[in-house]
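One file, query22.csv, carrying CSV, C-alpha atoms:
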chain,number,residue,atom,x,y,z
A,1,MET,CA,-40.4,27.5,-5.2
A,2,SER,CA,-44.1,28.0,-6.1
A,3,ASP,CA,-46.7,30.1,-4.3
A,4,PHE,CA,-48.8,27.1,-3.5
A,5,SER,CA,-49.7,26.5,0.1
A,6,ASP,CA,-48.5,23.3,1.8
A,7,GLU,CA,-52.1,22.0,1.6
A,8,GLU,CA,-52.3,22.6,-2.2
A,9,LEU,CA,-48.9,20.9,-2.6
A,10,TYR,CA,-50.2,18.0,-0.5
A,11,ARG,CA,-53.3,17.6,-2.7
A,12,ARG,CA,-51.2,17.7,-5.9
A,13,MET,CA,-48.8,15.2,-4.4
A,14,ARG,CA,-51.7,12.8,-3.6
A,15,ARG,CA,-52.7,13.0,-7.2
A,16,GLY,CA,-49.2,11.8,-8.2
A,17,ASP,CA,-47.4,15.1,-8.8
A,18,GLN,CA,-43.8,14.4,-8.0
A,19,SER,CA,-42.7,18.0,-8.3
A,20,ALA,CA,-45.3,18.9,-5.6
A,21,PHE,CA,-43.8,16.2,-3.4
A,22,SER,CA,-40.3,17.5,-4.0
A,23,GLU,CA,-41.3,21.0,-3.1
A,24,LEU,CA,-43.0,20.0,0.0
A,25,TYR,CA,-39.9,18.1,1.0
A,26,GLU,CA,-37.7,21.1,0.3
A,27,ARG,CA,-39.9,23.3,2.4
A,28,ARG,CA,-40.5,21.0,5.4
A,29,ALA,CA,-37.7,18.4,5.6
A,30,PRO,CA,-34.9,20.7,6.9
A,31,SER,CA,-36.9,22.0,9.9
A,32,LEU,CA,-38.3,18.6,10.7
A,33,TYR,CA,-34.8,17.1,10.5
A,34,ARG,CA,-33.5,19.7,13.0
A,35,TYR,CA,-36.5,19.2,15.2
A,36,VAL,CA,-35.7,15.5,15.5
A,37,LEU,CA,-32.0,16.3,15.9
A,38,TYR,CA,-32.9,18.5,18.9
A,39,SER,CA,-35.3,16.0,20.3
A,40,ALA,CA,-33.5,12.7,19.7
A,41,GLY,CA,-29.9,14.0,19.7
A,42,ASN,CA,-28.3,12.0,16.8
A,43,ALA,CA,-28.1,12.4,13.1
A,44,ALA,CA,-29.0,8.7,12.3
A,45,THR,CA,-32.3,9.0,14.1
A,46,ALA,CA,-33.0,12.4,12.6
A,47,GLU,CA,-32.4,10.9,9.1
A,48,GLU,CA,-34.5,7.8,9.8
A,49,VAL,CA,-37.4,9.7,11.3
A,50,THR,CA,-37.5,12.3,8.6
A,51,HIS,CA,-37.5,9.5,6.0
A,52,GLU,CA,-40.3,7.7,7.8
A,53,VAL,CA,-42.4,10.9,8.2
A,54,PHE,CA,-42.4,11.5,4.4
A,55,VAL,CA,-43.0,7.8,3.7
A,56,GLN,CA,-46.0,7.8,6.0
A,57,MET,CA,-47.3,11.0,4.3
A,58,MET,CA,-47.3,9.4,0.9
A,59,ALA,CA,-48.7,6.1,2.0
A,60,PRO,CA,-52.1,5.4,0.4
A,61,SER,CA,-53.7,4.5,3.8
A,62,GLN,CA,-52.7,7.9,5.3
A,63,ASP,CA,-54.8,10.9,4.8
A,64,PHE,CA,-54.3,14.3,6.1
A,65,ASP,CA,-57.4,16.1,7.3
A,66,GLU,CA,-57.2,19.9,6.7
A,67,LYS,CA,-59.9,20.6,9.3
A,68,ARG,CA,-57.6,19.2,12.0
A,69,GLY,CA,-54.6,21.5,11.2
A,70,SER,CA,-51.9,22.4,8.8
A,71,VAL,CA,-49.7,20.0,6.8
A,72,GLU,CA,-46.7,21.2,8.8
A,73,ALA,CA,-48.5,20.3,12.1
A,74,TYR,CA,-49.5,17.0,10.6
A,75,LEU,CA,-45.8,16.2,9.7
A,76,TYR,CA,-44.6,17.3,13.2
A,77,GLY,CA,-47.3,15.1,14.7
A,78,ILE,CA,-45.9,12.1,12.8
A,79,ALA,CA,-42.3,13.0,13.7
A,80,ARG,CA,-43.2,13.5,17.4
A,81,ASN,CA,-44.8,10.0,17.6
A,82,LEU,CA,-41.9,8.4,15.8
A,83,VAL,CA,-39.3,10.1,18.1
A,84,ARG,CA,-41.4,9.0,21.1
A,85,THR,CA,-41.5,5.4,19.8
A,86,GLN,CA,-37.8,5.5,19.0
A,87,SER,CA,-36.7,6.8,22.4
A,88,ARG,CA,-38.9,4.2,24.1
A,89,HIS,CA,-37.0,1.5,22.2
A,90,THR,CA,-33.5,2.8,22.3
A,91,ARG,CA,-33.5,4.5,25.7
A,92,ARG,CA,-29.8,4.7,25.7
A,93,GLU,CA,-28.1,7.3,27.7
A,94,THR,CA,-26.1,9.6,25.5
A,95,THR,CA,-23.0,10.6,27.3
A,96,LEU,CA,-22.0,14.2,27.6
A,97,ARG,CA,-18.8,13.4,25.7
A,98,GLU,CA,-20.7,11.9,22.7
A,99,PHE,CA,-22.7,15.1,22.2
A,100,GLY,CA,-19.7,17.3,22.9
A,101,GLN,CA,-17.7,15.6,20.2
A,102,GLU,CA,-20.4,15.6,17.6
A,103,HIS,CA,-22.1,19.0,18.0
A,104,VAL,CA,-20.6,21.6,20.2
A,105,LEU,CA,-18.1,23.6,18.3
A,106,ASP,CA,-17.3,27.1,19.5
A,107,GLN,CA,-17.3,26.9,23.3
A,108,SER,CA,-14.7,26.3,25.9
A,109,LEU,CA,-14.5,22.8,27.4
A,110,ILE,CA,-16.8,23.5,30.5
A,111,GLN,CA,-19.4,25.2,28.4
A,112,GLU,CA,-19.3,22.4,25.9
A,113,GLU,CA,-20.0,20.0,28.6
A,114,SER,CA,-22.8,22.2,30.0
A,115,ALA,CA,-24.5,22.5,26.6
A,116,ALA,CA,-24.2,18.8,26.1
A,117,ALA,CA,-25.6,18.1,29.5
A,118,LEU,CA,-28.5,20.5,28.8
A,119,HIS,CA,-29.2,18.8,25.5
A,120,ALA,CA,-29.2,15.4,27.3
A,121,ALA,CA,-31.5,16.8,29.9
A,122,ILE,CA,-33.9,18.1,27.2
A,123,ARG,CA,-34.0,14.7,25.6
A,124,GLU,CA,-34.9,13.1,28.9
A,125,LEU,CA,-37.8,15.5,29.4
A,126,PRO,CA,-41.3,14.1,28.9
A,127,VAL,CA,-42.4,14.7,25.3
A,128,ARG,CA,-44.9,17.5,26.1
A,129,TYR,CA,-42.3,19.6,27.9
A,130,ARG,CA,-39.5,18.7,25.5
A,131,ASP,CA,-41.6,19.9,22.5
A,132,ALA,CA,-42.3,23.2,24.2
A,133,ILE,CA,-38.6,23.8,24.9
A,134,VAL,CA,-37.4,22.7,21.5
A,135,LEU,CA,-40.0,24.8,19.6
A,136,CYS,CA,-40.0,27.9,21.7
A,137,ASP,CA,-36.5,28.1,23.4
A,138,ILE,CA,-34.3,26.4,20.8
A,139,GLU,CA,-36.1,27.0,17.5
A,140,GLU,CA,-37.3,30.4,18.8
A,141,ARG,CA,-40.8,30.0,17.4
A,142,SER,CA,-43.7,32.1,18.7
A,143,TYR,CA,-46.1,30.6,21.3
A,144,GLU,CA,-48.8,30.7,18.6
A,145,GLU,CA,-46.7,28.8,16.1
A,146,ALA,CA,-45.7,26.3,18.7
A,147,ALA,CA,-49.3,25.8,19.7
A,148,ARG,CA,-50.2,25.2,16.1
A,149,LEU,CA,-47.5,22.5,15.7
A,150,MET,CA,-48.2,20.9,19.1
A,151,GLN,CA,-52.0,21.1,18.4
A,152,CYS,CA,-52.8,22.5,21.7
A,153,PRO,CA,-53.9,26.0,23.1
A,154,VAL,CA,-51.3,28.8,23.6
A,155,GLY,CA,-51.9,28.7,27.4
A,156,THR,CA,-50.9,25.0,27.4
A,157,VAL,CA,-47.7,25.9,25.6
A,158,ARG,CA,-46.8,28.5,28.1
A,159,SER,CA,-47.5,26.3,31.1
A,160,ARG,CA,-45.5,23.4,29.5
A,161,LEU,CA,-42.7,25.7,28.8
A,162,SER,CA,-42.6,27.0,32.3
A,163,ARG,CA,-42.7,23.5,33.8
A,164,GLY,CA,-40.1,22.3,31.3
A,165,ARG,CA,-37.7,25.1,32.1
A,166,ALA,CA,-38.1,24.4,35.8
A,167,LEU,CA,-37.3,20.7,35.3
A,168,LEU,CA,-34.2,21.7,33.2
A,169,ALA,CA,-33.0,24.2,35.7
A,170,ALA,CA,-33.2,21.5,38.5
A,171,LYS,CA,-31.3,19.0,36.3
A,172,MET,CA,-28.6,21.6,35.4
A,173,LYS,CA,-28.2,22.5,39.0
A,174,ARG,CA,-27.5,18.9,39.9
A,175,PHE,CA,-25.1,18.7,36.9
A,176,SER,CA,-23.1,21.8,38.0
A,177,GLN,CA,-22.8,20.4,41.5
A,178,VAL,CA,-21.5,17.1,40.2
A,179,ALA,CA,-19.1,18.9,37.8
A,180,ARG,CA,-17.8,21.0,40.7
A,181,TRP,CA,-17.1,17.9,42.8
A,182,SER,CA,-15.5,15.8,40.1
B,1,MET,CA,-24.9,27.9,33.3
B,2,GLU,CA,-27.8,30.0,32.1
B,3,LEU,CA,-30.4,28.0,30.3
B,4,GLU,CA,-30.6,30.7,27.6
B,5,SER,CA,-26.9,30.4,26.7
B,6,GLY,CA,-27.2,26.6,26.6
B,7,PHE,CA,-30.1,26.9,24.2
B,8,ARG,CA,-28.1,29.2,22.0
B,9,THR,CA,-25.2,26.8,21.9
B,10,ILE,CA,-27.4,23.9,21.0
B,11,ARG,CA,-29.1,26.1,18.3
B,12,ASN,CA,-25.8,27.3,16.9
B,13,SER,CA,-24.5,23.8,16.6
B,14,VAL,CA,-27.6,22.4,14.8
B,15,GLU,CA,-29.3,25.2,12.9
B,16,ARG,CA,-27.1,24.9,9.8
B,17,ARG,CA,-27.5,21.1,9.6
B,18,MET,CA,-29.5,19.8,6.7
B,19,PRO,CA,-30.8,16.4,5.8
B,20,PRO,CA,-28.4,14.6,3.4
B,21,ASP,CA,-29.3,14.6,-0.3
B,22,SER,CA,-29.3,10.8,-0.3
B,23,LEU,CA,-32.5,11.1,1.8
B,24,ARG,CA,-34.2,13.2,-0.8
B,25,GLN,CA,-33.2,10.9,-3.6
B,26,SER,CA,-34.4,7.8,-1.7
B,27,LEU,CA,-37.8,9.5,-1.0
B,28,LEU,CA,-38.2,10.5,-4.6
B,29,ARG,CA,-37.6,6.9,-5.6
B,30,GLU,CA,-40.1,5.8,-3.0
B,31,PHE,CA,-42.6,8.3,-4.2
B,32,ALA,CA,-42.3,7.1,-7.8
B,33,ARG,CA,-42.8,3.5,-6.6
B,34,THR,CA,-45.9,4.5,-4.6
B,35,SER,CA,-47.3,6.5,-7.4
B,36,ARG,CA,-47.0,3.5,-9.8
B,37,LEU,CA,-48.7,1.3,-7.2
B,38,ARG,CA,-51.5,3.9,-6.8
B,39,MET,CA,-52.0,4.2,-10.5
B,40,ARG,CA,-52.2,0.4,-10.8
B,41,GLN,CA,-54.8,0.3,-8.1
B,42,ARG,CA,-56.8,3.1,-9.8
B,43,ILE,CA,-56.7,1.2,-13.1
B,44,ALA,CA,-57.8,-2.0,-11.4
B,45,THR,CA,-60.7,-0.2,-9.8
B,46,TRP,CA,-61.8,1.4,-13.1
B,47,THR,CA,-61.4,-1.9,-14.9
B,48,LEU,CA,-63.6,-3.6,-12.3
B,49,ALA,CA,-66.2,-0.9,-12.5
B,50,ALA,CA,-66.2,-1.0,-16.3
B,51,ALA,CA,-66.6,-4.8,-16.2
B,52,ALA,CA,-69.5,-4.5,-13.7
B,53,VAL,CA,-71.3,-2.0,-16.0
B,54,LEU,CA,-70.6,-4.3,-19.0
B,55,ILE,CA,-72.1,-7.3,-17.2
B,56,CYS,CA,-75.2,-5.2,-16.3
B,57,ILE,CA,-75.7,-4.2,-19.9
B,58,VAL,CA,-75.3,-7.8,-21.2
B,59,ALA,CA,-77.7,-9.0,-18.5
B,60,MET,CA,-80.3,-6.4,-19.4
B,61,ARG,CA,-80.0,-7.2,-23.1
B,62,GLN,CA,-80.5,-10.9,-22.4
B,63,GLN,CA,-83.7,-10.1,-20.5
B,64,LYS,CA,-85.2,-8.3,-23.5
B,65,PRO,CA,-85.9,-11.4,-25.7
B,66,ALA,CA,-87.6,-13.1,-22.8
B,67,ILE,CA,-90.0,-10.2,-22.5
B,68,ALA,CA,-90.6,-10.3,-26.3
B,69,GLU,CA,-91.3,-14.1,-25.9
B,70,GLN,CA,-94.0,-13.2,-23.3
B,71,ALA,CA,-95.5,-10.7,-25.6
B,72,SER,CA,-95.6,-13.2,-28.5
B,73,LEU,CA,-97.2,-15.7,-26.2
B,74,GLN,CA,-100.1,-13.4,-25.5
B,75,ILE,CA,-100.5,-12.8,-29.3
B,76,SER,CA,-100.5,-16.6,-29.9
B,77,LEU,CA,-103.1,-17.2,-27.2
B,78,GLU,CA,-105.4,-15.0,-29.3
B,79,ASP,CA,-104.5,-17.2,-32.3
B,80,GLY,CA,-106.2,-20.5,-31.7
B,81,PHE,CA,-104.5,-21.5,-28.4
B,82,GLN,CA,-106.5,-22.3,-25.3
B,83,ALA,CA,-104.9,-21.3,-22.0
B,84,VAL,CA,-104.5,-24.2,-19.6
B,85,PRO,CA,-106.8,-23.4,-16.6
B,86,TYR,CA,-104.9,-22.6,-13.4
B,87,ALA,CA,-101.5,-22.9,-15.1
B,88,PRO,CA,-98.9,-20.9,-13.1
B,89,ALA,CA,-98.3,-17.4,-14.3
B,90,LEU,CA,-95.1,-16.8,-16.2
B,91,ALA,CA,-92.3,-15.5,-14.1
B,92,GLN,CA,-90.5,-12.2,-15.1
B,93,GLY,CA,-88.1,-13.1,-17.9
B,94,GLU,CA,-89.2,-16.8,-18.1
B,95,LEU,CA,-88.7,-18.4,-21.5
B,96,VAL,CA,-91.4,-20.6,-23.1
B,97,ARG,CA,-91.1,-23.3,-25.8
B,98,LEU,CA,-93.5,-24.3,-28.4
B,99,VAL,CA,-93.7,-28.2,-28.7
B,100,HIS,CA,-95.5,-30.1,-31.4
B,101,THR,CA,-96.7,-33.5,-30.0
B,102,GLN,CA,-99.4,-36.0,-29.8
B,103,VAL,CA,-101.6,-36.3,-26.7
B,104,ALA,CA,-104.5,-38.5,-25.7
B,105,PRO,CA,-107.9,-36.6,-25.5
B,106,ASP,CA,-108.2,-37.7,-21.9
B,107,THR,CA,-105.0,-35.9,-21.1
B,108,LEU,CA,-106.3,-32.7,-22.4
B,109,THR,CA,-109.6,-33.2,-20.5
B,110,ARG,CA,-107.6,-33.7,-17.3
B,111,LEU,CA,-105.8,-30.4,-18.0
B,112,GLY,CA,-109.3,-28.8,-18.0
B,113,LEU,CA,-109.5,-28.3,-21.8
B,114,PHE,CA,-112.5,-29.0,-23.9
B,115,VAL,CA,-112.0,-31.7,-26.6
B,116,ALA,CA,-114.8,-32.0,-29.1
B,117,ASP,CA,-113.6,-35.1,-30.9
B,118,ARG,CA,-112.6,-37.9,-28.5
B,119,SER,CA,-112.8,-40.7,-31.1
B,120,SER,CA,-109.1,-41.0,-31.9
B,121,ASP,CA,-106.4,-42.3,-29.5
B,122,SER,CA,-104.2,-39.3,-29.8
B,123,ILE,CA,-104.6,-35.8,-31.1
B,124,PRO,CA,-101.7,-33.7,-32.7
B,125,VAL,CA,-101.3,-30.5,-30.7
B,126,ASP,CA,-99.0,-27.5,-30.3
B,127,LEU,CA,-98.1,-27.1,-26.6
B,128,VAL,CA,-96.7,-24.0,-25.1
B,129,VAL,CA,-94.6,-25.1,-22.1
B,130,GLY,CA,-92.8,-23.1,-19.5
B,131,GLN,CA,-89.2,-23.6,-18.3
B,132,ASP,CA,-90.4,-26.2,-15.8
B,133,ASN,CA,-92.1,-28.0,-18.7
B,134,ALA,CA,-95.6,-27.4,-17.4
B,135,PRO,CA,-98.1,-26.8,-20.2
B,136,LEU,CA,-99.4,-23.3,-20.4
B,137,ALA,CA,-101.5,-23.3,-23.6
B,138,VAL,CA,-102.6,-25.8,-26.1
B,139,ARG,CA,-103.7,-25.6,-29.8
B,140,VAL,CA,-105.1,-28.5,-31.6
B,141,ASP,CA,-103.3,-28.9,-34.9
B,142,GLU,CA,-106.4,-29.2,-37.1
B,143,GLU,CA,-104.4,-29.6,-40.3
B,144,ASP,CA,-102.3,-32.4,-39.0
B,145,LYS,CA,-105.5,-34.0,-37.5
B,146,GLU,CA,-107.3,-33.9,-40.8
B,147,ASN,CA,-104.3,-35.5,-42.5
B,148,LYS,CA,-104.3,-38.2,-39.8
B,149,ASP,CA,-108.1,-38.7,-40.3
B,150,ASP,CA,-107.6,-39.1,-44.1
B,151,ASP,CA,-105.0,-41.8,-43.5

As structure tokens, what does this structure read like?
Amino acid sequence: MSDFSDEELYRRMRRGDQSAFSELYERRAPSLYRYVLYSAGNAATAEEVTHEVFVQMMAPSQDFDEKRGSVEAYLYGIARNLVRTQSRHTRRETTLREFGQEHVLDQSLIQEESAAALHAAIRELPVRYRDAIVLCDIEERSYEEAARLMQCPVGTVRSRLSRGRALLAAKMKRFSQVARWS
Amino acid sequence: MELESGFRTIRNSVERRMPPDSLRQSLLREFARTSRLRMRQRIATWTLAAAAVLICIVAMRQQKPAIAEQASLQISLEDGFQAVPYAPALAQGELVRLVHTQVAPDTLTRLGLFVADRSSDSIPVDLVVGQDNAPLAVRVDEEDKENKDDD
């Protein structure tokens, strides 16, 4: 890995430097892939969206403006819009079982179901709250970092996080009531 | 269930997952394709620009002889030619032709030129004509006229 910043790698990539593109991919693709995995909930979508983010980045018509933020925030912005479009189109309800079978590994059955339900609840949140939860609570990024990626003030991140947690808590309360009854 | 422990479970189950290598390979192929396309566009742009510059240079070179023609016309006017009164001025870059012909003395008079000898039916002249064939200057070809008179 070189010492070049993302922005320098981006400039080199635009001039046709394939190694710069490759390095930018190595740096940013894993976290983007996981971000989509947390937000959309399935590997196929995560793969598809990650692919599309990088294709859009290299498209001749697209141009990143350094004054508006970092390359990372730019990539997250594209990913966020793609996830939003994707979830609008495929608004399918992922069952708790689907998620449990695919992802939850080390927990007892009830906890698996709870985690799966929580993840389903996160995916159903409006994008602004979901982003705050995914970046701060799951990926454990700082408020400042989340604000940079969400391209909004830190205060907004805090309030969205608080509102998102409240919505999740309410959903999980309903889930535990249903689980107790069934 | 505590939200915090749920977040941890989700994090633990996802944090080691990586995009498949096939994705990287596919993007590198896409990048190579896009780069080739961009390079072709760049070459086309430069070719067009070079062609435009070349056309400008050729056009400028073609204008130069016309200017030289104008200059020689002025020299010729000092050399026995009479300018036709009220003839339209030469346009920038307009080419002129020198035509040797016979004209009736009346024709020259109608053009506003002085003709000393009106005895013959036609007079040999050198005419400078513009691109619209309008006469701009006239010179009576004395040598030809004398030969004609001798006959």

Quick check: residues of chain B within 8 Å of chain A, all atoms listed in the file, returned as a PyMOL selection string. chain B and resi 1+3-4+6-11+13-15+17-20+23-24+27-28+30-32+34-35+38

Could those selected residues go to a file with C-alpha atoms, as a compact mmCIF listing (two decimals), in the frame of the given file?
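That gives us out23.txt:
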# COMPACT_ATOMS: atom_id res chain seq x y z
CA MET B 1 -24.90 27.90 33.30
CA LEU B 3 -30.40 28.00 30.30
CA GLU B 4 -30.60 30.70 27.60
CA GLY B 6 -27.20 26.60 26.60
CA PHE B 7 -30.10 26.90 24.20
CA ARG B 8 -28.10 29.20 22.00
CA THR B 9 -25.20 26.80 21.90
CA ILE B 10 -27.40 23.90 21.00
CA ARG B 11 -29.10 26.10 18.30
CA SER B 13 -24.50 23.80 16.60
CA VAL B 14 -27.60 22.40 14.80
CA GLU B 15 -29.30 25.20 12.90
CA ARG B 17 -27.50 21.10 9.60
CA MET B 18 -29.50 19.80 6.70
CA PRO B 19 -30.80 16.40 5.80
CA PRO B 20 -28.40 14.60 3.40
CA LEU B 23 -32.50 11.10 1.80
CA ARG B 24 -34.20 13.20 -0.80
CA LEU B 27 -37.80 9.50 -1.00
CA LEU B 28 -38.20 10.50 -4.60
CA GLU B 30 -40.10 5.80 -3.00
CA PHE B 31 -42.60 8.30 -4.20
CA ALA B 32 -42.30 7.10 -7.80
CA THR B 34 -45.90 4.50 -4.60
CA SER B 35 -47.30 6.50 -7.40
CA ARG B 38 -51.50 3.90 -6.80

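The nearest approach to Pro124 of chain B among the residues B:His100, B:Arg110, B:Arg33, B:Arg42, with all atoms listed in the file taken into account, belongs to B:His100.
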
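As for atom CA of Arg128 of chain A and atom CA of Ala170 of chain A, they are spaced 17.5 Å apart.
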
Skip Gly112 of chain B itself and residues of its chain fewer than 5 positions away, then list as a ChimeraX atom specification all residues within 9 Å of it, counting all atoms listed in the file. /B:84-86,107

If you count only C-alpha atoms, which residues fall within 9 Å of Ala87 of chain B, apart from same-chain ones fewer than 3 positions away, as a VMD selection string? chain B and resid 83 to 84 90 134 to 137

Neighbour list for Asn81 of chain A as a count of residues only, cut-off 12 Å, all atoms listed in the file, skip fewer than 4 positions in-chain: 20

Which is closest to Arg11 of chain A among A:Ala146, A:Ala44, A:Leu135, A:Leu24, if we use only C-alpha atoms? A:Leu24

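Between atom CA of Arg158 of chain A and atom CA of Cys136 of chain A the separation is 9.4 Å.
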
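Each of B:Met39, B:Val128, B:Leu54, B:Ala49 was checked against Arg97 of chain B using all atoms listed in the file; the smallest atom-to-atom distance is that of B:Val128.
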
Near Cys152 of chain A, counting only C-alpha atoms, which residues have an atom at most 12 Å away, once you skip same-chain residues fewer than 3 positions from it, shown as a PDB file with C-alpha atoms, in the frame of the given file?
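Wrote it out as result20.pdb, contents follow:
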ATOM      1  CA  ARG A  68     -57.600  19.200  12.000  1.00  0.00           C
ATOM      2  CA  GLY A  69     -54.600  21.500  11.200  1.00  0.00           C
ATOM      3  CA  ALA A  73     -48.500  20.300  12.100  1.00  0.00           C
ATOM      4  CA  GLY A  77     -47.300  15.100  14.700  1.00  0.00           C
ATOM      5  CA  ARG A 128     -44.900  17.500  26.100  1.00  0.00           C
ATOM      6  CA  ASP A 131     -41.600  19.900  22.500  1.00  0.00           C
ATOM      7  CA  ALA A 132     -42.300  23.200  24.200  1.00  0.00           C
ATOM      8  CA  TYR A 143     -46.100  30.600  21.300  1.00  0.00           C
ATOM      9  CA  GLU A 144     -48.800  30.700  18.600  1.00  0.00           C
ATOM     10  CA  GLU A 145     -46.700  28.800  16.100  1.00  0.00           C
ATOM     11  CA  ALA A 146     -45.700  26.300  18.700  1.00  0.00           C
ATOM     12  CA  ALA A 147     -49.300  25.800  19.700  1.00  0.00           C
ATOM     13  CA  ARG A 148     -50.200  25.200  16.100  1.00  0.00           C
ATOM     14  CA  LEU A 149     -47.500  22.500  15.700  1.00  0.00           C
ATOM     15  CA  GLY A 155     -51.900  28.700  27.400  1.00  0.00           C
ATOM     16  CA  THR A 156     -50.900  25.000  27.400  1.00  0.00           C
ATOM     17  CA  VAL A 157     -47.700  25.900  25.600  1.00  0.00           C
ATOM     18  CA  ARG A 158     -46.800  28.500  28.100  1.00  0.00           C
ATOM     19  CA  SER A 159     -47.500  26.300  31.100  1.00  0.00           C
ATOM     20  CA  ARG A 160     -45.500  23.400  29.500  1.00  0.00           C
TER      21      ARG A 160
END

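Note that atom CA of Gly93 of chain B and atom CA of Gly130 of chain B are 11.2 Å apart.
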
Pull the neighbourhood of (-105.0, -32.0, -22.8) for me: all residues within 10 Å in file coordinates, counting all atoms listed in the file, as a tab-separated table (two decimals) with C-alpha atoms, keeping the file's coordinate frame.
chain	number	residue	atom	x	y	z
B	84	VAL	CA	-104.50	-24.20	-19.60
B	102	GLN	CA	-99.40	-36.00	-29.80
B	103	VAL	CA	-101.60	-36.30	-26.70
B	104	ALA	CA	-104.50	-38.50	-25.70
B	105	PRO	CA	-107.90	-36.60	-25.50
B	106	ASP	CA	-108.20	-37.70	-21.90
B	107	THR	CA	-105.00	-35.90	-21.10
B	108	LEU	CA	-106.30	-32.70	-22.40
B	109	THR	CA	-109.60	-33.20	-20.50
B	110	ARG	CA	-107.60	-33.70	-17.30
B	111	LEU	CA	-105.80	-30.40	-18.00
B	112	GLY	CA	-109.30	-28.80	-18.00
B	113	LEU	CA	-109.50	-28.30	-21.80
B	114	PHE	CA	-112.50	-29.00	-23.90
B	115	VAL	CA	-112.00	-31.70	-26.60
B	123	ILE	CA	-104.60	-35.80	-31.10
B	125	VAL	CA	-101.30	-30.50	-30.70
B	127	LEU	CA	-98.10	-27.10	-26.60
B	135	PRO	CA	-98.10	-26.80	-20.20
B	137	ALA	CA	-101.50	-23.30	-23.60
B	138	VAL	CA	-102.60	-25.80	-26.10
B	139	ARG	CA	-103.70	-25.60	-29.80
B	140	VAL	CA	-105.10	-28.50	-31.60

Can you complete the atoms of segment 59-63 of chain B to all heavy atoms and list them as a tab-separated table (two decimals), in the frame of the given file?
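Written output follows (result.tsv):
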chain	number	residue	atom	x	y	z
B	59	ALA	N	-76.60	-8.40	-19.20
B	59	ALA	CA	-77.70	-9.00	-18.50
B	59	ALA	C	-79.04	-8.41	-18.92
B	59	ALA	O	-80.03	-9.10	-19.16
B	59	ALA	CB	-77.52	-8.92	-17.00
B	60	MET	N	-79.04	-7.07	-19.05
B	60	MET	CA	-80.30	-6.40	-19.40
B	60	MET	C	-80.67	-6.73	-20.86
B	60	MET	O	-81.84	-6.91	-21.17
B	60	MET	CB	-80.09	-4.87	-19.29
B	60	MET	CG	-80.22	-4.42	-17.84
B	60	MET	SD	-79.60	-2.76	-17.62
B	60	MET	CE	-80.92	-1.84	-18.36
B	61	ARG	N	-79.67	-6.87	-21.71
B	61	ARG	CA	-80.00	-7.20	-23.10
B	61	ARG	C	-80.52	-8.62	-23.22
B	61	ARG	O	-81.35	-8.91	-24.04
B	61	ARG	CB	-78.72	-7.09	-23.96
B	61	ARG	CG	-78.41	-5.66	-24.26
B	61	ARG	CD	-77.62	-5.53	-25.52
B	61	ARG	NE	-77.44	-4.13	-25.84
B	61	ARG	CZ	-76.46	-3.66	-26.57
B	61	ARG	NH1	-75.58	-4.49	-27.09
B	61	ARG	NH2	-76.38	-2.39	-26.83
B	62	GLN	N	-80.00	-9.51	-22.34
B	62	GLN	CA	-80.50	-10.90	-22.40
B	62	GLN	C	-81.90	-11.01	-21.89
B	62	GLN	O	-82.61	-11.94	-22.25
B	62	GLN	CB	-79.55	-11.79	-21.57
B	62	GLN	CG	-78.32	-12.20	-22.38
B	62	GLN	CD	-77.45	-13.16	-21.63
B	62	GLN	OE1	-77.59	-13.33	-20.42
B	62	GLN	NE2	-76.53	-13.80	-22.32
B	63	GLN	N	-82.29	-10.09	-21.04
B	63	GLN	CA	-83.70	-10.10	-20.50
B	63	GLN	C	-84.67	-9.72	-21.57
B	63	GLN	O	-85.80	-10.16	-21.55
B	63	GLN	CB	-83.78	-9.23	-19.30
B	63	GLN	CG	-83.28	-9.92	-18.06
B	63	GLN	CD	-83.52	-9.09	-16.83
B	63	GLN	OE1	-83.94	-7.95	-16.93
B	63	GLN	NE2	-83.26	-9.66	-15.69
